[in-house]
Amino acid sequence: MDAASHASDFDAQALSARTPLVAASATEARRTATANDIPSLVADVLAFRGGSDASSWASYASSCRALCQIFAQYREQPELLDPQLEASLGAAMARVRNLVHEAHGVAFADDCEARDNDVAENVDVAGGCSPMAIMLPLCRVVQCVCEVRGAKVALRFFPHDITDFSPATGILARLGKMAIRQNASDASDGNGVWEARVVMLLWLQVLVLVPFDFSTLNPAKIVAPHAIPAPSGCEWGTAKGALATTLLDACAQHLRDPSPARGAAAELLAKLLVRVDISGADAMPAFVDWACAHLDHADAPDHRFLVPGVLRALCCFLEPGAAASTTTLRAAVLALGRVVGAVERLCEPAQGDYVHLARTLGVATRKLLVKTIQRCALTMLPVRKVRWRYRGAHAANLLDNLAADGRRRDASPEAAANAVAAKKPADVSVGEAPAPLPDDDGPADWPPNDRLAATYECVERACDVLLDALRDADTVVRWSAAKGVGRITSRLPLVLATDVVTGLLAQLEASDGDGGWQGGCLALAELARRGLLLPERLSEAAGLTARALHYDVRRGPCSVGAHVRDAAAYVVWSVARAYDPSEVQSVAEYLTPHMLAASLYDREAHVRRAAAAAFQECVGRLGAELFPGGLAVLEHVHYFKLGDRSRAYLVEAPRVLAAMPQHVRHLLSHVAETKLCHWDASVRKLAADALRVACMTGGSRDAAARHVASTILPVLLDQTLSTTLEVRHGAALGVAEVLLGLHDASRRGAEQQDGEPLLTDALAERVARCVPDIEKKRLYRGKGGEIMRGAVCRMIECIARVELPLPKPVSKALLVSLDENLKHPNATIQASAGAALEAYASSYLPPDSDAACERTVRRHCAALEPGKGRDPNPAARRGAALALGHLSGGLLSLGPASRVITCLAQAASKVEENVDDRDPETRRNAAAALSRVCVRLGDLADDSLLRDAASALMSCTRDYSVDNRGDVGSWVRRVAMESLIVVHRLIAERETSSDPAFADAAVCALLLQCTDRINKVRDTAGRSLRSMLLHDNPPIAASGRSIALDAGMFDGGVGGVVTPDGDGAGAGDGDGVVPEPEAEDESNGNEDVPDDASDGDCPVLPPQQRDAVNWAAPVEAIPRLMALLPVPAYQRAFVRGLVVAAGSSGDSFAKYMRDTLLEACKRGDGGLSMCAVVEDAVAVLRDAADAAKAAKDAKEAAKSADNLDDVSVDDVDGPSYSVGEAARLRLERHAVPALRFLEHVLLKNQRTLPETVANDALLASRGCIKGLTRDAHVQLAGANVLIQLSTSTHAEVASGALASLLGLLVHGMPRVRRHAAEQLYVRLGDAADDAEMDDDDDTANRLREASDAVGGVRWDNGTVADAKANRAPLYAMLRIEPPTVVKAATTAAKKPKVADDELAYQSLVNEAGY
């Protein structure tokens, strides 16, 4: 039960005021469009009259299905169907009524049973000839409407003519026989039989209300002989007529049906049994005997479907409001005894433990069982006004309770006296003995007094079962039992009701499971809501409720208890609504801090909201005088404000503490004792932050700061050495954050001269020794060592920020601890250590202190520089780069500055030759540190150093490294782009070093990244480009700035990115430092599997600097960037990026990029043409071929030197890679997409390209194919381009393309040979067809012969020598000169022969990059 659903009028008004209407949403528009189709579809359905035409039958069935789909869309807002019900449902039921009469009229024909069998097996076989077949699809529509809108509303539109009773009964029996024959009792059959049965049962619920005796409704023919239902096994007594017996048997048979027909049959059976002519014929006792006989075997496997139906029928039969006749009462007594006896027998194997039922019966059966028991007991106890029940005298007037002065309008002594007199029970007062039992008896027609003891004994057994059901494993059962306890108690005399309340409180006190706690709280809430919990028992209930408000039990990696805390909030809400303020004053004072703690500091949002709703109800109903400061708190303890956990802890909680200082100690103690040792690490971190914010809200005389310093901090210092991980981790975080809070409070207190320092010397000494003590206890080892390292780093950072006096040994120990944590492989620990080092260096490492500072800087530089001093541990190199970025400018100058920038530039742009040494995280951290170092050095870094840093970052933007995590180079590229803006801003501020060409090169690099396949890379590139182009003091890229402003590329603010407050902030505002890595991972959002490496730890711009343009969306970003095409300095780089993006593997992304580029060519944007685009694609391929050739030459040199690993090639366009890595990355990243784009352009524009352009495309494709023969993707993409070039109108180009295709037929990879053969086969066939159309029979025959020769060979089988033999005849057929074989000269010194297996393995190793 969600207590938030019972929120007070404040939240209800706020919800209605703040929730926007969604009538104009896309869903509503779609519903409106489909609702307009309902009348036409209904008309089509009603117009169908059968026939043998298959098309008309298909149209009829299709219209019925369409209606079902339309009605199903209204499940969330079914009331919107009301205007359509009369025209649709009423007309449909009128048609069903006619079909029922027709089917009933032919039911006694000889072939009726055979036709029923055909309909049951396949409704389409009937072809619409049978009324039954026509009725089934229509019943599906009716059942769908009843399910969506509700049976109670739908039954208003059902016909209720008395002449329909017999036909409907007969059709129901026939449908039951059809279901048995096809074994389709479940709800999964697709021919509409079960829907028709549901409709008939619902219809009969209306028809059985006819005010005529069934003996008058007994025609000669009711049911066809072949459709008479099988006996249900229940002797219905002297039921009047075959009609009643048939209907009762049909209902009893449907009780074992698992479909919705079971519920409809149960309700119909209940309405039948309460009829006078049926109940008077002993049908009711007969049914109860039959039902209870099956309940005795409830755990039998063959009763698993029947027992829920029987219980459902009993519930409907005993529903409140039914006629409480003597027969009904006897049946209730009999049923209660039998049902309770069945429960007791089921619990016998577990020594009477109700929990055994959870393993025996299903949840639906247990719920119905509890419901049946409570209804039986309620039937035995008459409805009466219990005189002992508490009735509150206070009016539910919120305006009176929330008066500004805290008083009511009727606060006169006379009104108070009248209120006290009115609220007391009429027959009992506090402290007096209850009145005798007979005084509480009901009317004289209630069961005689000699039966009173027996009746109460039965009710007592029922209450025992309900109290046990409060411990059920499922919430729905517990909730049903809680309502049953409340309802039964409301009809009991005081003595018995007191026993129930005592038993409930005792069970709740002794409960050890979360189910028992929640069920007990729900029952307490029901008793309180009804005034059945007398005021003298409220204090006992309040203590249990307070315990439930904090119930949280650890189970494995999580905990349980949120539902218990929610139910406890419901208890408080119920008490606030039912009792007078004078009765609950002490209870309110006791529960207020517990409610505030739950509403502010609970982990779950729904619990916080439920507790807030309960507190609002208390203030609103009980009056503001019971809650000092409560009115001011209501603004902060709000449904919407408490939805975010961080806001509740850090924003609203301090405001509540300021408004209600009397609860400060309790709330802060709750945070320190409960939340700082919570199982969730994020809650522990928030709890520590909450203590810090609480200390910072007031001065040194503030109660929160005083309480934290005197009580909480000493305890936390002791807990830092606890053996429990959660306790010591939370304590370490708490000490760190409390230190900051107390320092801030003391500083403001000193400024105001209002107190002594909060942190005494003794406490300061203990805090200083805390980190060495933790390391001495070796608490970094074992489980939780990593999170403890992070907490210790945070503690060191806070100690440094408050400049706590440290002894020299302790200071050195802290620095050693930071150095160790900087070498840790966990990125979060390294980030924490970096932040701590920055604070430590500014407080304890002044530049002019001693040589230790210089050694610190040079040690980190040596860890990054190539040579013997370089640390082989990649994690240590990451930490060294991170540390350099966090040191101050004065310390960095000791490096000296040139050495620091040089080593960071090399670490960021140099990719190690050894694969094992490559570490993208080091390059990322170094790229981020470069901008930090340049900013902090300031004038100490000359122009040449800044240019070196910018050049290194430019090289980093072309880092396309790939490993098993995907495109890890994207981490480096993103950080490099952000750092590049900072460095170029520094360069632009120095007029002597400003170079427009240098800035334009950076813009080109950013434009290239704006077309990357990865969404986050494009987003970072777009925002960085915006900052660079719009920077105006001074301008960085003046050539593109004016065009960008004129075209409105960056609408949403000029001079910086737009903040949520509307203020512009440049990317390099403030310190000009790239932000720290993010803690959480973001989804890539693209379809490229190789490039989806998680870069959640990659730094991006802070959330407050988000741009108004979504640069990750190509639809929004690319049209803006197209405005830069006219700039000559940017055009080539941007077009090459578009070419590569247009040929990438992502379907939607590549298609949009390709269409955008081709449309720009057609429009001639910026002088762009198709030939120019093809030339740019050819240039990409040439660069790839050159890289492949350089790699091949380097490998040859390495072979001659007998060293395959020590040779590298310096890539001028990016970082330095090993020889094979450079070619592979360039070909895979650029060549394959360029080939795909070229294939698409040639397919559409082959005949319009000049011969020189087509020849350049041929040569470039050949170069890529020959450059990397072991890359299958390149070979396949190149084959597709060659096929398109073979259709060229230029003979030399076509002949050259065919010759290259023939060369691929003998490729070493079978899949390449097969793909080339398939493409060539199709190409030769098309060419032969074209020749025949031109009447060139000789050429056509020759090409056909070549096509047959290609298609008749399995090119992917056999060796390369076999493929060469099969290829040889093709040269003559195609009249192409065969290639000349050149034998390599034999060397004088022959190398020893190596086995084939060894060569294959060596080739695999070389290809893998090892």
# chains A, B, ... in the order shown; residues from 1 in each chain; ligands from 1
$ residues_around --residues "Val571 (chain A)" --least-positions-apart "6" --cutoff "10 Å" --atoms "only C-alpha atoms" --output "VMD selection string"
chain A and resid 3 520 to 529 541 to 542 545 548 to 549 565 614
$ write_last_selection --atoms "all heavy atoms" --output "CSV table (one decimal), in the first residue's frame"
chain,number,residue,atom,x,y,z
A,3,ALA,N,1.4,4.8,0.8
A,3,ALA,CA,0.7,5.9,1.5
A,3,ALA,C,0.8,7.2,0.8
A,3,ALA,O,0.0,8.1,1.2
A,3,ALA,CB,1.4,6.0,2.9
A,520,GLY,N,1.3,-6.2,9.6
A,520,GLY,CA,0.9,-5.6,10.9
A,520,GLY,C,0.6,-4.1,10.8
A,520,GLY,O,-0.3,-3.6,11.3
A,521,CYS,N,1.5,-3.4,10.0
A,521,CYS,CA,1.3,-2.0,9.9
A,521,CYS,C,0.0,-1.7,9.1
A,521,CYS,O,-0.7,-0.7,9.4
A,521,CYS,CB,2.5,-1.3,9.2
A,521,CYS,SG,4.0,-1.3,10.2
A,522,LEU,N,-0.2,-2.4,8.0
A,522,LEU,CA,-1.4,-2.2,7.3
A,522,LEU,C,-2.7,-2.5,8.1
A,522,LEU,O,-3.7,-1.7,8.0
A,522,LEU,CB,-1.5,-3.2,6.1
A,522,LEU,CG,-0.4,-2.9,5.0
A,522,LEU,CD1,-0.5,-4.0,3.9
A,522,LEU,CD2,-0.6,-1.5,4.3
A,523,ALA,N,-2.6,-3.5,9.0
A,523,ALA,CA,-3.8,-3.7,9.9
A,523,ALA,C,-3.9,-2.6,10.9
A,523,ALA,O,-5.1,-2.2,11.2
A,523,ALA,CB,-3.6,-5.1,10.6
A,524,LEU,N,-2.8,-2.2,11.5
A,524,LEU,CA,-2.9,-1.0,12.4
A,524,LEU,C,-3.5,0.2,11.7
A,524,LEU,O,-4.3,0.9,12.3
A,524,LEU,CB,-1.5,-0.7,12.9
A,524,LEU,CG,-1.0,-1.4,14.1
A,524,LEU,CD1,0.4,-1.0,14.5
A,524,LEU,CD2,-1.9,-1.3,15.3
A,525,ALA,N,-3.1,0.4,10.5
A,525,ALA,CA,-3.7,1.6,9.7
A,525,ALA,C,-5.2,1.4,9.5
A,525,ALA,O,-5.9,2.4,9.7
A,525,ALA,CB,-3.0,1.8,8.4
A,526,GLU,N,-5.6,0.2,9.2
A,526,GLU,CA,-7.1,0.0,9.0
A,526,GLU,C,-7.8,0.2,10.4
A,526,GLU,O,-8.9,0.8,10.4
A,526,GLU,CB,-7.3,-1.4,8.5
A,526,GLU,CG,-6.9,-1.5,7.0
A,526,GLU,CD,-7.7,-0.6,6.1
A,526,GLU,OE1,-8.9,-0.5,6.3
A,526,GLU,OE2,-7.0,0.0,5.3
A,527,LEU,N,-7.3,-0.3,11.4
A,527,LEU,CA,-7.9,-0.1,12.7
A,527,LEU,C,-8.0,1.4,13.1
A,527,LEU,O,-9.0,1.9,13.6
A,527,LEU,CB,-7.2,-0.9,13.8
A,527,LEU,CG,-7.2,-2.4,13.7
A,527,LEU,CD1,-6.4,-3.1,14.7
A,527,LEU,CD2,-8.7,-2.9,13.8
A,528,ALA,N,-6.8,2.1,12.9
A,528,ALA,CA,-6.8,3.5,13.3
A,528,ALA,C,-7.8,4.3,12.4
A,528,ALA,O,-8.4,5.2,12.8
A,528,ALA,CB,-5.4,4.0,13.1
A,529,ARG,N,-7.8,4.0,11.1
A,529,ARG,CA,-8.7,4.7,10.2
A,529,ARG,C,-10.2,4.6,10.6
A,529,ARG,O,-10.9,5.5,10.4
A,529,ARG,CB,-8.4,4.2,8.8
A,529,ARG,CG,-9.0,5.1,7.7
A,529,ARG,CD,-8.5,4.7,6.3
A,529,ARG,NE,-8.9,3.3,6.0
A,529,ARG,CZ,-10.0,2.9,5.4
A,529,ARG,NH1,-10.9,3.9,5.0
A,529,ARG,NH2,-10.2,1.7,5.1
A,541,ALA,N,1.2,1.5,19.9
A,541,ALA,CA,1.3,1.4,18.5
A,541,ALA,C,2.3,2.4,17.9
A,541,ALA,O,2.9,2.1,16.9
A,541,ALA,CB,-0.1,1.7,17.9
A,542,ALA,N,2.5,3.6,18.5
A,542,ALA,CA,3.4,4.6,18.0
A,542,ALA,C,4.9,4.0,18.1
A,542,ALA,O,5.7,4.3,17.2
A,542,ALA,CB,3.3,5.9,18.8
A,545,THR,N,5.3,1.7,15.3
A,545,THR,CA,5.3,2.4,14.0
A,545,THR,C,6.7,3.1,13.8
A,545,THR,O,7.2,3.2,12.7
A,545,THR,CB,4.2,3.5,14.0
A,545,THR,OG1,2.9,2.8,14.2
A,545,THR,CG2,4.2,4.2,12.7
A,548,ALA,N,9.0,0.6,12.6
A,548,ALA,CA,8.7,0.3,11.2
A,548,ALA,C,9.2,1.4,10.2
A,548,ALA,O,9.5,1.1,9.1
A,548,ALA,CB,7.2,0.0,11.0
A,549,LEU,N,9.2,2.6,10.7
A,549,LEU,CA,9.6,3.7,9.8
A,549,LEU,C,11.1,3.6,9.4
A,549,LEU,O,11.5,4.2,8.4
A,549,LEU,CB,9.3,5.1,10.4
A,549,LEU,CG,7.9,5.6,10.3
A,549,LEU,CD1,7.7,6.8,11.2
A,549,LEU,CD2,7.5,5.9,8.9
A,565,ARG,N,8.3,0.4,5.5
A,565,ARG,CA,8.4,1.9,5.8
A,565,ARG,C,7.2,2.6,5.2
A,565,ARG,O,6.7,3.5,5.8
A,565,ARG,CB,9.7,2.4,5.4
A,565,ARG,CG,10.9,1.8,6.0
A,565,ARG,CD,12.2,2.5,5.8
A,565,ARG,NE,12.6,2.7,4.4
A,565,ARG,CZ,13.3,1.8,3.7
A,565,ARG,NH1,13.7,0.7,4.3
A,565,ARG,NH2,13.6,2.0,2.5
A,614,ALA,N,2.3,11.8,5.0
A,614,ALA,CA,1.8,11.6,6.3
A,614,ALA,C,2.1,12.8,7.2
A,614,ALA,O,1.2,13.2,8.0
A,614,ALA,CB,2.5,10.4,6.9
$ residues_around --residues "Val553 (chain A)" --least-positions-apart "2" --cutoff "10 Å" --atoms "only C-alpha atoms" --output "list in words"
Gly513, Asp514, His550, Tyr551, Arg555, Gly556, Cys558, Ser559, Val560, Gly561, Ala562 and Trp679 of chain A
$ write_last_selection --atoms "N, CA and C atoms" --output "PDB file, in the first residue's frame"
ATOM      1  N   GLY A 513      10.054 -10.997  10.257  1.00  0.00           N
ATOM      2  CA  GLY A 513      10.136 -10.918   8.799  1.00  0.00           C
ATOM      3  C   GLY A 513       9.512  -9.644   8.278  1.00  0.00           C
ATOM      4  N   ASP A 514       9.920  -9.249   7.089  1.00  0.00           N
ATOM      5  CA  ASP A 514       9.386  -8.012   6.521  1.00  0.00           C
ATOM      6  C   ASP A 514       7.920  -8.123   6.183  1.00  0.00           C
ATOM      7  N   HIS A 550      11.842   2.878  10.202  1.00  0.00           N
ATOM      8  CA  HIS A 550      13.272   2.726   9.942  1.00  0.00           C
ATOM      9  C   HIS A 550      13.639   1.272   9.655  1.00  0.00           C
ATOM     10  N   TYR A 551      12.657   0.456   9.308  1.00  0.00           N
ATOM     11  CA  TYR A 551      12.922  -0.966   9.074  1.00  0.00           C
ATOM     12  C   TYR A 551      13.722  -1.138   7.790  1.00  0.00           C
ATOM     13  N   ARG A 555      20.026  -7.987   3.014  1.00  0.00           N
ATOM     14  CA  ARG A 555      19.943  -9.327   2.446  1.00  0.00           C
ATOM     15  C   ARG A 555      20.833  -9.375   1.212  1.00  0.00           C
ATOM     16  N   GLY A 556      21.987  -9.979   1.378  1.00  0.00           N
ATOM     17  CA  GLY A 556      22.919 -10.062   0.265  1.00  0.00           C
ATOM     18  C   GLY A 556      23.420  -8.688  -0.119  1.00  0.00           C
ATOM     19  N   CYS A 558      21.753  -6.221  -1.230  1.00  0.00           N
ATOM     20  CA  CYS A 558      20.738  -5.176  -1.125  1.00  0.00           C
ATOM     21  C   CYS A 558      20.022  -5.333   0.207  1.00  0.00           C
ATOM     22  N   SER A 559      18.863  -4.729   0.347  1.00  0.00           N
ATOM     23  CA  SER A 559      18.103  -4.826   1.586  1.00  0.00           C
ATOM     24  C   SER A 559      16.624  -4.836   1.262  1.00  0.00           C
ATOM     25  N   VAL A 560      15.828  -5.227   2.261  1.00  0.00           N
ATOM     26  CA  VAL A 560      14.373  -5.203   2.147  1.00  0.00           C
ATOM     27  C   VAL A 560      13.833  -4.348   3.272  1.00  0.00           C
ATOM     28  N   GLY A 561      12.679  -3.783   3.044  1.00  0.00           N
ATOM     29  CA  GLY A 561      12.059  -2.967   4.075  1.00  0.00           C
ATOM     30  C   GLY A 561      11.377  -1.731   3.554  1.00  0.00           C
ATOM     31  N   ALA A 562      11.506  -1.423   2.268  1.00  0.00           N
ATOM     32  CA  ALA A 562      10.864  -0.218   1.740  1.00  0.00           C
ATOM     33  C   ALA A 562       9.353  -0.307   1.867  1.00  0.00           C
ATOM     34  N   TRP A 679      24.060   0.147   3.563  1.00  0.00           N
ATOM     35  CA  TRP A 679      24.675  -0.826   2.648  1.00  0.00           C
ATOM     36  C   TRP A 679      24.987  -0.213   1.287  1.00  0.00           C
TER      37      TRP A 679
END
$ residues_around --residues "Asn98 (chain A)" --least-positions-apart "5" --cutoff "10 Å" --atoms "only C-alpha atoms" --output "JSON, numbers by chain"
{"A": [93, 103, 104, 131, 135, 164]}
$ residues_around --residues "region 663-678 of chain A" --least-positions-apart "4" --cutoff "6 Å" --atoms "only C-alpha atoms" --output "PyMOL selection string"
chain A and resi 597+657+684+687+726-727+730
$ write_last_selection --atoms "all heavy atoms" --output "PDB file, in the first residue's frame"
ATOM      1  N   ALA A 597      12.719  12.196   9.429  1.00  0.00           N
ATOM      2  CA  ALA A 597      13.887  11.417   9.008  1.00  0.00           C
ATOM      3  C   ALA A 597      13.549  10.548   7.812  1.00  0.00           C
ATOM      4  O   ALA A 597      14.349  10.427   6.870  1.00  0.00           O
ATOM      5  CB  ALA A 597      14.379  10.559  10.168  1.00  0.00           C
ATOM      6  N   LEU A 657      16.020  21.583   8.946  1.00  0.00           N
ATOM      7  CA  LEU A 657      16.760  21.730  10.197  1.00  0.00           C
ATOM      8  C   LEU A 657      16.716  23.173  10.695  1.00  0.00           C
ATOM      9  O   LEU A 657      16.621  23.425  11.908  1.00  0.00           O
ATOM     10  CB  LEU A 657      18.214  21.296   9.989  1.00  0.00           C
ATOM     11  CG  LEU A 657      18.450  19.806   9.724  1.00  0.00           C
ATOM     12  CD1 LEU A 657      19.924  19.559   9.446  1.00  0.00           C
ATOM     13  CD2 LEU A 657      17.984  18.961  10.891  1.00  0.00           C
ATOM     14  N   ARG A 684      25.783   6.415   1.658  1.00  0.00           N
ATOM     15  CA  ARG A 684      26.809   6.822   2.619  1.00  0.00           C
ATOM     16  C   ARG A 684      27.466   8.132   2.189  1.00  0.00           C
ATOM     17  O   ARG A 684      27.740   9.013   3.018  1.00  0.00           O
ATOM     18  CB  ARG A 684      27.866   5.721   2.763  1.00  0.00           C
ATOM     19  CG  ARG A 684      27.319   4.424   3.305  1.00  0.00           C
ATOM     20  CD  ARG A 684      28.429   3.531   3.819  1.00  0.00           C
ATOM     21  NE  ARG A 684      29.330   3.060   2.785  1.00  0.00           N
ATOM     22  CZ  ARG A 684      29.173   1.946   2.097  1.00  0.00           C
ATOM     23  NH1 ARG A 684      28.108   1.166   2.319  1.00  0.00           N
ATOM     24  NH2 ARG A 684      30.055   1.569   1.181  1.00  0.00           N
ATOM     25  N   ALA A 687      25.028  10.900   2.849  1.00  0.00           N
ATOM     26  CA  ALA A 687      24.902  11.168   4.280  1.00  0.00           C
ATOM     27  C   ALA A 687      26.067  12.018   4.781  1.00  0.00           C
ATOM     28  O   ALA A 687      25.884  12.950   5.581  1.00  0.00           O
ATOM     29  CB  ALA A 687      24.828   9.854   5.049  1.00  0.00           C
ATOM     30  N   GLU A 726      31.190  -1.248   5.799  1.00  0.00           N
ATOM     31  CA  GLU A 726      30.254  -0.142   5.649  1.00  0.00           C
ATOM     32  C   GLU A 726      30.437   0.898   6.741  1.00  0.00           C
ATOM     33  O   GLU A 726      30.322   2.107   6.494  1.00  0.00           O
ATOM     34  CB  GLU A 726      28.811  -0.659   5.651  1.00  0.00           C
ATOM     35  CG  GLU A 726      28.414  -1.477   4.436  1.00  0.00           C
ATOM     36  CD  GLU A 726      28.890  -2.909   4.534  1.00  0.00           C
ATOM     37  OE1 GLU A 726      29.443  -3.273   5.597  1.00  0.00           O
ATOM     38  OE2 GLU A 726      28.721  -3.661   3.558  1.00  0.00           O
ATOM     39  N   VAL A 727      30.732   0.430   7.945  1.00  0.00           N
ATOM     40  CA  VAL A 727      30.871   1.367   9.064  1.00  0.00           C
ATOM     41  C   VAL A 727      32.127   2.228   8.898  1.00  0.00           C
ATOM     42  O   VAL A 727      32.083   3.457   9.023  1.00  0.00           O
ATOM     43  CB  VAL A 727      30.912   0.591  10.399  1.00  0.00           C
ATOM     44  CG1 VAL A 727      31.190   1.543  11.560  1.00  0.00           C
ATOM     45  CG2 VAL A 727      29.597  -0.146  10.624  1.00  0.00           C
ATOM     46  N   GLY A 730      31.820   4.659   5.761  1.00  0.00           N
ATOM     47  CA  GLY A 730      30.964   5.807   6.046  1.00  0.00           C
ATOM     48  C   GLY A 730      31.579   6.744   7.061  1.00  0.00           C
ATOM     49  O   GLY A 730      31.450   7.976   6.956  1.00  0.00           O
TER      50      GLY A 730
END
$ closest_residue --among "A:Gly966, A:Gly643, A:Gly741, A:Pro809" --to "Asp689 (chain A)" --atoms "only C-alpha atoms"
A:Gly741
